[in-house]
>>> print(open('upload_21.txt').read())   # compact mmCIF, C-alpha atoms
# COMPACT_ATOMS: atom_id res chain seq x y z
CA MET A 1 41.89 64.72 38.74
CA ASP A 2 43.20 68.19 38.02
CA TYR A 3 41.22 70.61 35.90
CA GLN A 4 41.25 74.06 34.39
CA ASP A 5 38.34 76.43 34.45
CA GLY A 6 36.00 77.75 31.81
CA ASN A 7 38.28 80.68 31.01
CA ALA A 8 40.15 78.14 28.89
CA LEU A 9 37.02 77.67 26.74
CA ALA A 10 37.23 81.24 25.44
CA GLY A 11 39.58 80.47 22.55
CA PRO A 12 37.97 77.22 21.40
CA LEU A 13 34.43 78.67 21.63
CA SER A 14 35.53 81.81 19.77
CA GLU A 15 35.70 79.57 16.71
CA ILE A 16 31.93 79.10 16.94
CA PHE A 17 30.41 82.18 18.58
CA SER A 18 30.87 85.79 17.55
CA LEU A 19 30.60 86.96 21.18
CA ASP A 20 32.64 85.76 24.14
CA VAL A 21 30.29 83.23 25.72
CA THR A 22 32.53 82.49 28.71
CA VAL A 23 30.89 85.54 30.36
CA ALA A 24 27.39 84.14 29.64
CA GLN A 25 25.38 83.01 32.66
CA GLY A 26 24.52 79.36 32.31
CA LYS A 27 22.13 77.22 34.29
CA CYS A 28 23.11 73.67 35.15
CA ALA A 29 20.48 71.16 34.04
CA ALA A 30 21.30 68.85 36.95
CA CYS A 31 21.38 71.12 40.02
CA GLY A 32 20.16 74.48 38.73
CA LEU A 33 23.31 76.42 39.68
CA ARG A 34 23.65 79.64 37.70
CA GLY A 35 27.03 81.10 36.87
CA PRO A 36 29.37 82.15 34.08
CA LEU A 37 30.80 79.48 31.80
CA ALA A 38 34.23 80.87 32.81
CA GLN A 39 33.82 79.25 36.23
CA LEU A 40 33.01 75.72 35.04
CA HIS A 41 35.58 73.00 35.72
CA VAL A 42 37.17 71.98 32.44
CA TYR A 43 38.86 68.63 31.80
CA GLY A 44 40.81 67.85 28.66
CA PRO A 45 41.93 68.85 26.13
CA ASP A 46 41.97 65.33 24.68
CA PRO A 47 39.91 63.77 23.23
CA GLY A 48 37.81 66.89 23.82
CA LEU A 49 37.01 69.56 26.38
CA VAL A 50 34.54 68.46 29.05
CA ALA A 51 33.10 71.25 31.21
CA ARG A 52 31.45 70.29 34.48
CA CYS A 53 29.33 72.19 36.99
CA PRO A 54 31.52 73.49 39.86
CA SER A 55 28.79 72.53 42.34
CA CYS A 56 27.47 69.08 41.31
CA GLU A 57 30.23 68.08 38.81
CA GLU A 58 27.68 66.98 36.19
CA VAL A 59 28.70 67.55 32.57
CA VAL A 60 27.41 70.92 31.31
CA LEU A 61 29.01 70.96 27.88
CA THR A 62 31.54 69.14 25.78
CA LEU A 63 33.46 70.42 22.78
CA VAL A 64 35.29 68.11 20.39
CA ARG A 65 37.29 69.69 17.60
CA GLY A 66 37.97 67.57 14.54
CA PRO A 67 39.88 68.54 11.43
CA ASN A 68 36.74 69.67 9.60
CA ASP A 69 34.17 70.43 12.27
CA ALA A 70 33.53 71.29 15.89
CA TRP A 71 31.03 69.23 17.85
CA LEU A 72 29.43 71.15 20.69
CA ASP A 73 27.19 69.20 23.07
CA LEU A 74 25.22 71.37 25.52
CA ARG A 75 23.24 68.59 27.19
CA GLY A 76 23.83 69.81 30.74
CA SER A 77 22.90 73.41 30.16
CA VAL A 78 19.30 74.63 30.48
CA SER A 79 19.98 78.08 29.10
CA LEU A 80 22.66 80.66 28.39
CA ARG A 81 22.12 84.32 29.16
CA ILE A 82 24.56 86.22 26.99
CA PRO A 83 25.35 89.88 27.71
CA ILE A 84 25.23 91.98 24.55
CA ALA A 85 26.43 95.56 24.64
CA GLU A 86 24.40 98.18 22.78
CA MET B 87 31.63 78.06 5.79
CA ILE B 88 31.93 80.29 8.85
CA LYS B 89 35.10 82.34 9.17
CA ARG B 90 36.96 81.54 12.34
CA LEU B 91 38.82 83.92 14.65
CA ALA B 92 42.10 84.23 12.83
CA TRP B 93 45.40 82.83 13.98
CA ARG B 94 47.91 85.64 13.85
CA VAL B 95 51.63 85.44 13.27
CA ALA B 96 53.72 86.88 16.08
CA THR B 97 57.44 87.61 15.85
CA LEU B 98 59.72 87.40 18.88
CA GLU B 99 61.45 90.73 19.39
CA SER B 100 63.28 89.99 22.61
CA ALA B 101 63.07 87.92 25.77
CA ARG B 102 63.74 88.65 29.44
CA GLN B 103 64.72 86.01 31.95
CA GLU B 104 62.44 86.36 35.00
CA THR B 105 63.75 83.36 36.94
CA PRO B 106 66.02 80.44 35.92
CA THR B 107 62.89 78.69 34.60
CA ALA B 108 60.67 81.50 33.35
CA LYS B 109 60.98 83.99 30.53
CA THR B 110 58.99 86.97 29.32
CA LEU B 111 58.58 86.91 25.55
CA VAL B 112 58.18 90.30 23.91
CA LEU B 113 56.25 89.76 20.69
CA ASP B 114 55.34 91.95 17.77
CA VAL B 115 51.87 91.13 16.46
CA PRO B 116 50.92 93.28 13.45
CA GLY B 117 47.28 94.37 13.65
CA TRP B 118 46.88 93.39 17.29
CA PRO B 119 43.47 94.80 18.33
CA GLY B 120 44.51 95.52 21.94
CA HIS B 121 43.47 93.64 25.06
CA LEU B 122 42.12 94.00 28.56
CA PRO B 123 44.24 93.02 31.57
CA GLY B 124 43.50 89.41 32.53
CA GLN B 125 42.86 88.16 28.99
CA HIS B 126 44.89 85.37 27.45
CA VAL B 127 45.99 84.05 24.09
CA ASP B 128 46.12 80.54 22.68
CA VAL B 129 49.55 79.75 21.23
CA ARG B 130 49.77 77.12 18.48
CA LEU B 131 52.90 75.29 17.40
CA THR B 132 52.90 73.15 14.29
CA ALA B 133 55.60 70.59 13.50
CA PRO B 134 56.88 70.03 9.95
CA ASP B 135 54.82 66.82 9.78
CA GLY B 136 51.64 68.80 10.45
CA TYR B 137 51.22 67.76 14.09
CA SER B 138 49.93 70.76 15.96
CA THR B 139 49.37 71.55 19.62
CA GLN B 140 48.20 74.60 21.52
CA ARG B 141 48.32 76.11 25.01
CA SER B 142 46.84 79.15 26.70
CA TYR B 143 49.06 81.87 28.13
CA SER B 144 48.02 84.93 30.08
CA ILE B 145 49.02 88.29 28.69
CA ALA B 146 51.50 90.06 30.99
CA ASN B 147 51.60 93.62 29.66
CA ALA B 148 49.16 96.50 29.50
CA SER B 149 47.76 96.95 26.02
CA ALA B 150 50.31 98.83 23.90
CA GLY B 151 49.88 98.85 20.14
CA ASP B 152 51.20 95.73 18.42
CA ARG B 153 53.32 94.71 21.38
CA LEU B 154 52.39 91.66 23.39
CA GLU B 155 54.24 90.17 26.36
CA LEU B 156 53.78 86.62 27.64
CA THR B 157 55.61 85.23 30.66
CA VAL B 158 56.12 81.51 30.24
CA GLN B 159 57.15 79.10 33.00
CA THR B 160 59.06 76.12 31.61
CA VAL B 161 57.37 72.83 32.36
CA ASP B 162 60.13 70.24 32.14
CA ASP B 163 58.29 67.58 30.16
CA GLY B 164 55.94 70.05 28.49
CA GLU B 165 55.28 70.08 24.76
CA VAL B 166 55.11 73.82 24.22
CA SER B 167 56.77 75.79 27.04
CA PRO B 168 60.34 74.40 26.61
CA TYR B 169 60.17 75.42 22.96
CA LEU B 170 59.02 78.93 23.84
CA THR B 171 61.60 79.48 26.59
CA ASP B 172 64.63 77.54 25.32
CA VAL B 173 64.41 77.32 21.52
CA LEU B 174 62.59 80.39 20.22
CA GLU B 175 64.98 83.20 19.22
CA PRO B 176 64.46 86.83 18.22
CA GLY B 177 63.06 86.93 14.70
CA ASP B 178 61.35 83.54 15.06
CA GLN B 179 57.59 83.35 14.57
CA ILE B 180 54.75 81.59 16.34
CA GLU B 181 50.99 81.53 15.77
CA LEU B 182 48.55 82.87 18.31
CA ARG B 183 44.84 83.54 18.66
CA GLY B 184 43.29 86.21 20.80
CA PRO B 185 42.82 88.13 22.91
CA VAL B 186 40.26 85.79 24.45
CA GLY B 187 38.38 85.59 27.73
CA GLY B 188 36.09 88.29 29.06
CA TRP B 189 35.47 86.99 32.57
CA PHE B 190 38.83 87.13 34.35
CA VAL B 191 39.27 90.76 33.39
CA TRP B 192 39.73 94.00 35.30
CA ARG B 193 38.16 97.00 33.60
CA PRO B 194 40.20 100.10 34.43
CA HIS B 195 37.09 102.28 34.85
CA SER B 196 35.67 100.14 37.68
CA SER B 197 35.88 101.78 41.07
CA PRO B 198 35.87 99.28 44.00
CA PRO B 199 39.22 98.45 45.58
CA VAL B 200 40.99 95.52 43.94
CA LEU B 201 42.42 92.48 45.67
CA LEU B 202 44.81 90.38 43.60
CA ILE B 203 45.90 86.97 44.87
CA GLY B 204 48.47 85.10 42.80
CA GLY B 205 50.17 81.76 43.31
CA GLY B 206 53.42 81.12 41.40
CA SER B 207 53.06 82.05 37.74
CA GLY B 208 49.46 83.03 38.52
CA ILE B 209 51.02 86.44 39.02
CA VAL B 210 51.11 87.00 35.23
CA PRO B 211 47.55 88.20 34.48
CA LEU B 212 47.51 90.07 37.81
CA MET B 213 50.65 91.93 36.74
CA ALA B 214 48.82 92.98 33.57
CA MET B 215 46.17 94.50 35.86
CA VAL B 216 48.79 96.31 37.96
CA ARG B 217 50.43 97.61 34.80
CA SER B 218 47.08 98.73 33.36
CA ARG B 219 46.15 100.60 36.50
CA GLY B 220 48.33 103.49 35.43
CA LYS B 221 47.16 106.66 37.08
CA ALA B 222 43.75 105.31 38.08
CA ASP B 223 42.97 105.98 41.72
CA THR B 224 41.54 102.51 42.36
CA PRO B 225 43.56 101.14 45.29
CA PHE B 226 45.17 97.75 44.69
CA ARG B 227 46.47 95.14 47.10
CA LEU B 228 48.47 92.23 45.73
CA LEU B 229 49.17 89.04 47.67
CA TYR B 230 51.87 87.13 45.83
CA SER B 231 52.40 83.56 47.02
CA LEU B 232 55.64 81.98 45.85
CA ARG B 233 57.86 79.11 46.89
CA ASP B 234 61.06 81.04 47.56
CA PRO B 235 62.75 84.32 46.57
CA GLY B 236 64.31 82.66 43.51
CA GLN B 237 60.84 82.23 41.98
CA LEU B 238 59.99 85.92 42.00
CA PHE B 239 58.75 87.36 38.68
CA TYR B 240 58.98 91.09 37.87
CA ALA B 241 61.17 91.71 40.93
CA ASP B 242 62.49 95.17 40.00
CA GLU B 243 59.16 96.44 38.78
CA LEU B 244 57.22 95.24 41.84
CA GLU B 245 59.85 96.86 44.03
CA LYS B 246 59.06 100.19 42.42
CA VAL B 247 55.27 100.06 42.11
CA LYS B 248 53.63 103.37 42.69
CA ALA B 249 51.59 104.53 45.61
CA GLY B 250 48.19 102.91 45.58
CA VAL B 251 49.51 99.39 44.99
CA GLU B 252 50.51 97.46 48.10
CA VAL B 253 52.40 94.22 47.58
CA ALA B 254 52.75 91.42 50.15
CA TYR B 255 55.04 88.47 49.42
CA LEU B 256 53.88 85.18 50.92
CA TYR B 257 56.73 82.66 50.74
CA THR B 258 55.57 79.08 51.09
CA ARG B 259 58.88 77.17 51.52
CA ILE B 260 61.79 79.53 52.09
CA ALA B 261 61.32 83.12 53.27
CA PRO B 262 64.13 85.67 53.28
CA PRO B 263 65.21 86.82 56.78
CA ASP B 264 63.42 90.18 56.45
CA ALA B 265 60.12 88.70 55.25
CA GLY B 266 58.24 89.44 58.47
CA ARG B 267 56.22 86.27 58.04
CA ALA B 268 57.20 82.63 58.51
CA ALA B 269 57.18 80.50 55.34
CA GLY B 270 53.87 78.79 54.78
CA ARG B 271 50.80 78.58 52.63
CA LEU B 272 48.23 81.33 52.30
CA GLN B 273 46.07 81.52 55.41
CA THR B 274 43.13 83.53 56.69
CA ALA B 275 45.56 85.65 58.75
CA ASP B 276 47.27 86.75 55.51
CA LEU B 277 43.98 87.82 53.97
CA ILE B 278 43.20 89.84 57.10
CA ALA B 279 46.68 91.38 57.33
CA TYR B 280 47.27 92.17 53.65
CA GLY B 281 43.86 92.06 51.94
CA TRP B 282 40.76 94.25 52.03
CA PRO B 283 38.03 93.69 54.60
CA PRO B 284 34.93 92.17 52.98
CA GLU B 285 32.89 95.28 53.95
CA THR B 286 34.88 97.36 51.47
CA GLY B 287 33.42 95.24 48.66
CA PRO B 288 36.61 94.62 46.69
CA ASP B 289 36.79 93.05 43.26
CA VAL B 290 38.86 89.92 43.87
CA PHE B 291 40.98 88.12 41.29
CA VAL B 292 42.66 84.83 42.18
CA CYS B 293 45.01 83.02 39.79
CA GLY B 294 47.28 80.04 40.27
CA PRO B 295 47.39 76.27 40.36
CA THR B 296 44.03 74.61 40.93
CA GLY B 297 44.65 73.69 44.58
CA PHE B 298 45.85 77.19 45.43
CA VAL B 299 42.82 78.80 43.80
CA GLU B 300 40.35 76.45 45.52
CA SER B 301 41.93 77.11 48.89
CA ALA B 302 42.09 80.89 48.46
CA ALA B 303 38.48 81.08 47.26
CA ASP B 304 37.30 79.01 50.23
CA LEU B 305 39.20 81.20 52.71
CA LEU B 306 37.82 84.38 51.13
CA THR B 307 34.25 83.12 51.23
CA ALA B 308 34.63 81.99 54.84
CA LEU B 309 35.87 85.50 55.72
CA GLY B 310 32.67 86.95 54.29
CA HIS B 311 33.67 88.00 50.79
CA ASP B 312 30.83 87.89 48.28
CA PRO B 313 31.42 84.81 46.06
CA ALA B 314 29.97 86.75 43.12
CA LYS B 315 32.87 89.21 43.36
CA ILE B 316 35.59 86.56 43.41
CA ARG B 317 36.87 85.74 39.94
CA THR B 318 39.24 82.84 39.53
CA GLU B 319 41.55 81.41 36.92
CA ARG B 320 43.11 78.02 37.40
CA PHE B 321 46.05 76.41 35.70
CA GLY B 322 45.17 72.97 34.57
CA PRO B 323 47.10 69.78 34.04
CA THR B 324 48.16 70.82 30.54
CA GLY B 325 50.22 73.83 31.50
CA GLY B 326 53.20 72.50 29.57
>>> encode(input="upload_21.txt", output="C-alpha cells")
Amino acid sequence: MDYQDGNALAGPLSEIFSLDVTVAQGKCAACGLRGPLAQLHVYGPDPGLVARCPSCEEVVLTLVRGPNDAWLDLRGSVSLRIPIAE
Amino acid sequence: MIKRLAWRVATLESARQETPTAKTLVLDVPGWPGHLPGQHVDVRLTAPDGYSTQRSYSIANASAGDRLELTVQTVDDGEVSPYLTDVLEPGDQIELRGPVGGWFVWRPHSSPPVLLIGGGSGIVPLMAMVRSRGKADTPFRLLYSLRDPGQLFYADELEKVKAGVEVAYLYTRIAPPDAGRAAGRLQTADLIAYGWPPETGPDVFVCGPTGFVESAADLLTALGHDPAKIRTERFGPTGG
C-alpha cells in the first residue's frame, strides 16, 4: 500500500500543538528507532491518519479529526524530543 | 476552546501553464507570514452542501510578501487538483493553511553543498530552494528525473539558472537526442556523475512519488551518504 510521510502531519498537528512537532525526535515503542515524525510512513487520510515506524512498521501515532474534536493516539511513541528555540 | 491555526483566504491572481497537465497558481494571501523553501500548505475546498476536502501542496516560490505560488499537477480522477487547474479563474478564492512543515526545509544560512533530487512534480519544493538560494554561495546540484521532455516544469527558468546551480535532467522514458544519457530510472551512476561525493557532506533533499524516493534514498545510503543528512518527502496515494 502506498503512503505519504510525516511531513503531511504538519498541518493536521498544527491544530493541536503550538510548535511544529514534525521536527521532533520520536522514539518508537516497538523497535526503539529514533527519528523525526516527518519521516514516519503515513497512511490515510480516511478514516484517520495512521503514522507507522519506517523501520518496523508498527503504529506510532494515529490522528482522527471529527467535527468537534481531534483524537490523537500516541500509543507507539515512547517520547518526543521537541526542539525549542530560545 | 483552543484557537486553531487559521485558514486563510487566498485569491488567484494569475496562472502559468507549466506542462499540458500542470499549472502554477499565483496567489495573493493577505497577511502571509512568509515561508521557508520546502514548506507546504494545506488547501481546503468546501462544496455548497458543506462537504469539504483538503490536500497538501508544496510551495514553489521564494518567500515574497503576500505572494504565494503553488504548482499543481492535475490528477485525472482527483477531487481537488482538477478544480485548481481547470476551474479556478483569476479573482476566485480558495482556503489554505500554512506554511507548515519544518523538516523538509533548506535554511539559506546553512553552508554544506546541497544535493536536490526530484522525481516528476517532486521538483516543486526543490525549485523553491533553488529560487531562495539567491546570491548565497552554497553550491547546488539538482538531479531532475522526469518521464519525457514534455513533462518539464520551469523550463525557461532552469535553463537560465545562475552559476553555482548545476542541473542534470534524467529522462526515464524518452530522452531528447542531445541528452547525453540513455532514458532510464535514476541509478547509482547518475548520483556519481551529477551528485556530490558523500565525503563533501552535502545536505540532501529528495522529493517525488513514494517508490522514487525509496529507491533514491537506498542508492544514496549505499553510496555512503549519511542517512541523517538525507531528508525526504513522498507523495502519497491522495495526491489528487
>>> closest_atom_pairs(input="upload_21.txt", of="chain B", to="chain A", cutoff="12 Å", atoms="only C-alpha atoms", output="CSV")
residue,atom,partner,partner_atom,distance
B:Met87,CA,A:Asp69,CA,10.3
B:Ile88,CA,A:Ile16,CA,8.2
B:Lys89,CA,A:Glu15,CA,8.1
B:Arg90,CA,A:Glu15,CA,5.0
B:Leu91,CA,A:Glu15,CA,5.7
B:Ala92,CA,A:Glu15,CA,8.8
B:Trp93,CA,A:Glu15,CA,10.6
B:Gly124,CA,A:Asn7,CA,10.3
B:Gln125,CA,A:Asn7,CA,9.0
B:His126,CA,A:Gly11,CA,8.7
B:Val127,CA,A:Gly11,CA,7.5
B:Asp128,CA,A:Gly11,CA,6.5
B:Val129,CA,A:Gly11,CA,10.1
B:Arg130,CA,A:Gly11,CA,11.5
B:Gly136,CA,A:Pro67,CA,11.8
B:Tyr137,CA,A:Pro67,CA,11.7
B:Ser138,CA,A:Pro67,CA,11.2
B:Thr139,CA,A:Pro45,CA,10.2
B:Gln140,CA,A:Pro45,CA,9.7
B:Arg141,CA,A:Ala8,CA,9.3
B:Ser142,CA,A:Ala8,CA,7.1
B:Tyr143,CA,A:Ala8,CA,9.7
B:Ser144,CA,A:Ala8,CA,10.5
B:Leu182,CA,A:Gly11,CA,10.2
B:Arg183,CA,A:Gly11,CA,7.2
B:Gly184,CA,A:Gly11,CA,7.1
B:Pro185,CA,A:Gly11,CA,8.3
B:Val186,CA,A:Ala10,CA,5.6
B:Gly187,CA,A:Ala10,CA,5.0
B:Gly188,CA,A:Val23,CA,6.0
B:Trp189,CA,A:Val23,CA,5.3
B:Phe190,CA,A:Asn7,CA,7.3
B:Val191,CA,A:Val23,CA,10.3
B:Cys293,CA,A:Asp5,CA,10.8
B:Gly294,CA,A:Gln4,CA,10.3
B:Pro295,CA,A:Gln4,CA,8.8
B:Thr296,CA,A:Tyr3,CA,7.0
B:Gly297,CA,A:Asp2,CA,8.7
B:Phe298,CA,A:Asp2,CA,12.0
B:Val299,CA,A:Asp5,CA,10.6
B:Glu300,CA,A:Pro54,CA,10.9
B:Pro313,CA,A:Gly35,CA,10.8
B:Ala314,CA,A:Gly35,CA,8.9
B:Lys315,CA,A:Gly35,CA,11.9
B:Ile316,CA,A:Gln39,CA,10.4
B:Arg317,CA,A:Gln39,CA,8.1
B:Thr318,CA,A:Gln39,CA,7.3
B:Glu319,CA,A:Asp5,CA,6.4
B:Arg320,CA,A:Gln4,CA,5.3
B:Phe321,CA,A:Gln4,CA,5.5
B:Gly322,CA,A:Gln4,CA,4.1
B:Pro323,CA,A:Asp2,CA,5.8
B:Thr324,CA,A:Pro45,CA,7.9
B:Gly325,CA,A:Gln4,CA,9.4
>>> atom_distance(input="upload_21.txt", atom1="CA of Ile260 (chain B)", atom2="CA of Gln273 (chain B)")
16.2 Å
>>> closest_residue(input="upload_21.txt", among="A:Gln25, A:Arg34, A:Ala85, A:Ala51", to="Leu72 (chain A)", atoms="only C-alpha atoms")
A:Ala51
>>> closest_residue(input="upload_21.txt", among="B:Tyr280, B:Tyr230, B:Tyr169, B:Tyr240", to="Gly206 (chain B)", atoms="only C-alpha atoms")
B:Tyr230
>>> atom_distance(input="upload_21.txt", atom1="CA of Glu104 (chain B)", atom2="CA of Phe239 (chain B)")
5.3 Å
>>> residues_around(input="upload_21.txt", residues="Leu202 (chain B)", least_positions_apart="3", cutoff="6 Å", atoms="only C-alpha atoms", output="short mmCIF file (atom, residue, chain, number, x, y, z; two decimals) with C-alpha atoms, in the coordinates of the input")
data_model
loop_
_atom_site.label_atom_id
_atom_site.label_comp_id
_atom_site.auth_asym_id
_atom_site.auth_seq_id
_atom_site.Cartn_x
_atom_site.Cartn_y
_atom_site.Cartn_z
CA LEU B 228 48.47 92.23 45.73
CA VAL B 290 38.86 89.92 43.87
CA PHE B 291 40.98 88.12 41.29
#
>>> residues_near_point(input="upload_21.txt", point="(38.5, 100.5, 42.9)", cutoff="8 Å", atoms="only C-alpha atoms", output="NGL selection string")
:B and (196-200 or 223-226 or 288-289)
>>> write_last_selection(input="upload_21.txt", atoms="C-alpha atoms", output="CSV table (one decimal), keeping the file's coordinate frame")
chain,number,residue,atom,x,y,z
B,196,SER,CA,35.7,100.1,37.7
B,197,SER,CA,35.9,101.8,41.1
B,198,PRO,CA,35.9,99.3,44.0
B,199,PRO,CA,39.2,98.4,45.6
B,200,VAL,CA,41.0,95.5,43.9
B,223,ASP,CA,43.0,106.0,41.7
B,224,THR,CA,41.5,102.5,42.4
B,225,PRO,CA,43.6,101.1,45.3
B,226,PHE,CA,45.2,97.8,44.7
B,288,PRO,CA,36.6,94.6,46.7
B,289,ASP,CA,36.8,93.0,43.3
>>> atom_distance(input="upload_21.txt", atom1="CA of Lys248 (chain B)", atom2="CA of Leu229 (chain B)")
15.8 Å
>>> residues_near_point(input="upload_21.txt", point="(49.6, 92.5, 32.4)", cutoff="6 Å", atoms="all atoms listed in the file", output="list in words")
Pro123, Ile145, Ala146, Asn147, Ala148, Pro211, Met213, Ala214, Met215 and Arg217 of chain B
